[in-house]
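Report on the following structure.
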Amino acid sequence: MSRISRNISIILRAERLIAQRHVAVAARRTGFYAAAGLAVGLAVIMLNVAGFFWLSASLSKPLAALIMAGANLLLAVILALLANTQNAQADTTAAVELRDMALQDIETEIKDTLSDARNTVTGIRRDPLAALSPDIISAILGLVLKYAKRRKVKPEE
């Protein structure tokens, strides 16, 4: 049973490590998305105004606005793609492997225990007296010793 509790403890620790890595990656992704949003906001305010005035000097005003919007969207797509490249899989491979090994060890321990239980039941069915004799004898000896100790203590009182 101690192996099972140890393996359950290992599984819980591995799951906690996996979850921590996933949270860290999610936080990093959120940061990149926030940066992308901030970049889009700043691009809209600063570059659009400057680019619009620069392009409107040589092109029509609608075409200048369209070019500026396309540049802003391109920057947002690049930052979003960068955020999507973040992955927790490489960081959690060892923890996942450890968890799987512990689960496999628990399965083996349970199968061995069930096999021992089946063998005991089979032995009791075949020869109940021989299978239970050590347990019965030890229980009877325990009761006899207890009774003998009580008798020994009473005369002294």
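Letters A, B, ... go to the chains of the structure tokens in the order shown; residues in each chain start at 1; ligands are counted from 1 in the same order.
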
Mind dumping a table of every stretch 66-144 of chain A residue within 8 Å of stretch 36-51 of chain A, with the nearest atom pair and its distance in Å to one decimal, using only C-alpha atoms, sorted by chain and rising number, as a tab-separated table?
```
residue	atom	partner	partner_atom	distance
A:Met68	CA	A:Asn48	CA	5.6
A:Ala69	CA	A:Asn48	CA	7.4
A:Asn72	CA	A:Val40	CA	6.2
A:Leu73	CA	A:Val40	CA	7.8
A:Leu75	CA	A:Val40	CA	7.3
A:Ala76	CA	A:Ala36	CA	5.7
A:Leu79	CA	A:Ala36	CA	5.4
A:Ala80	CA	A:Ala36	CA	6.7
```

Got time to write the residues from that selection, N, CA and C atoms, as a CSV table (one decimal), in the first residue's frame?
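As written to disk, part.csv reads:
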```csv
chain,number,residue,atom,x,y,z
A,68,MET,N,-2.8,52.4,-44.6
A,68,MET,CA,-2.4,52.4,-43.1
A,68,MET,C,-3.2,51.3,-42.4
A,69,ALA,N,-4.4,51.1,-42.7
A,69,ALA,CA,-5.2,50.0,-42.0
A,69,ALA,C,-4.5,48.7,-42.3
A,72,ASN,N,-1.5,48.1,-40.2
A,72,ASN,CA,-1.9,47.8,-38.8
A,72,ASN,C,-2.3,46.4,-38.6
A,73,LEU,N,-3.1,45.9,-39.5
A,73,LEU,CA,-3.6,44.5,-39.5
A,73,LEU,C,-2.4,43.5,-39.6
A,75,LEU,N,0.7,44.0,-38.7
A,75,LEU,CA,1.4,43.9,-37.4
A,75,LEU,C,0.6,43.1,-36.3
A,76,ALA,N,-0.7,43.3,-36.3
A,76,ALA,CA,-1.5,42.5,-35.3
A,76,ALA,C,-1.4,41.0,-35.6
A,79,LEU,N,2.0,39.6,-34.4
A,79,LEU,CA,2.0,39.4,-32.9
A,79,LEU,C,1.1,38.3,-32.5
A,80,ALA,N,0.0,38.1,-33.1
A,80,ALA,CA,-0.9,37.0,-32.7
A,80,ALA,C,-0.3,35.6,-33.1
```

**Study point:** Selection: 8 Å around A:Asp105, only C-alpha atoms, excl. self and same-chain fewer than 4 positions, as a count of residues only
**Key:** 4

Report as a Markdown table: every residue of stretch 50-102 of chain A with an atom at most 12 Å from stretch 17-27 of chain A, its closest pair of atoms, and their distance in Å to one decimal, counting only C-alpha atoms, with rows sorted by chain and ascending residue number.
```
| residue | atom | partner | partner_atom | distance |
| --- | --- | --- | --- | --- |
| A:Ala83 | CA | A:Ala26 | CA | 9.6 |
| A:Asn84 | CA | A:Ala26 | CA | 10.2 |
| A:Thr85 | CA | A:Val25 | CA | 10.2 |
| A:Gln86 | CA | A:Val25 | CA | 6.6 |
| A:Asn87 | CA | A:Val25 | CA | 6.7 |
| A:Ala88 | CA | A:His22 | CA | 5.7 |
| A:Gln89 | CA | A:His22 | CA | 8.6 |
| A:Ala90 | CA | A:Arg21 | CA | 9.9 |
| A:Asp91 | CA | A:Arg21 | CA | 6.9 |
| A:Thr92 | CA | A:Ile18 | CA | 5.5 |
| A:Thr93 | CA | A:Ile18 | CA | 8.7 |
| A:Ala94 | CA | A:Ile18 | CA | 9.4 |
| A:Ala95 | CA | A:Ile18 | CA | 6.5 |
| A:Val96 | CA | A:Ile18 | CA | 7.3 |
| A:Glu97 | CA | A:Ile18 | CA | 10.9 |
| A:Leu98 | CA | A:Leu17 | CA | 10.8 |
| A:Arg99 | CA | A:Ile18 | CA | 9.9 |
```

Exercise for review: Compile the contact shell of A:Thr113 as a list in words: residues with an atom at most 12 Å away, counting only C-alpha atoms, same-chain residues fewer than 6 positions apart removed.
Suggested key: Met1, Arg3, Ile4, Ile106, Glu107, Asn119 and Thr120 of chain A

Review point. Which one is closest to A:Ala64: A:Glu15, A:Ile8, A:Phe52, A:Thr30? Count only C-alpha atoms.
Key: A:Phe52
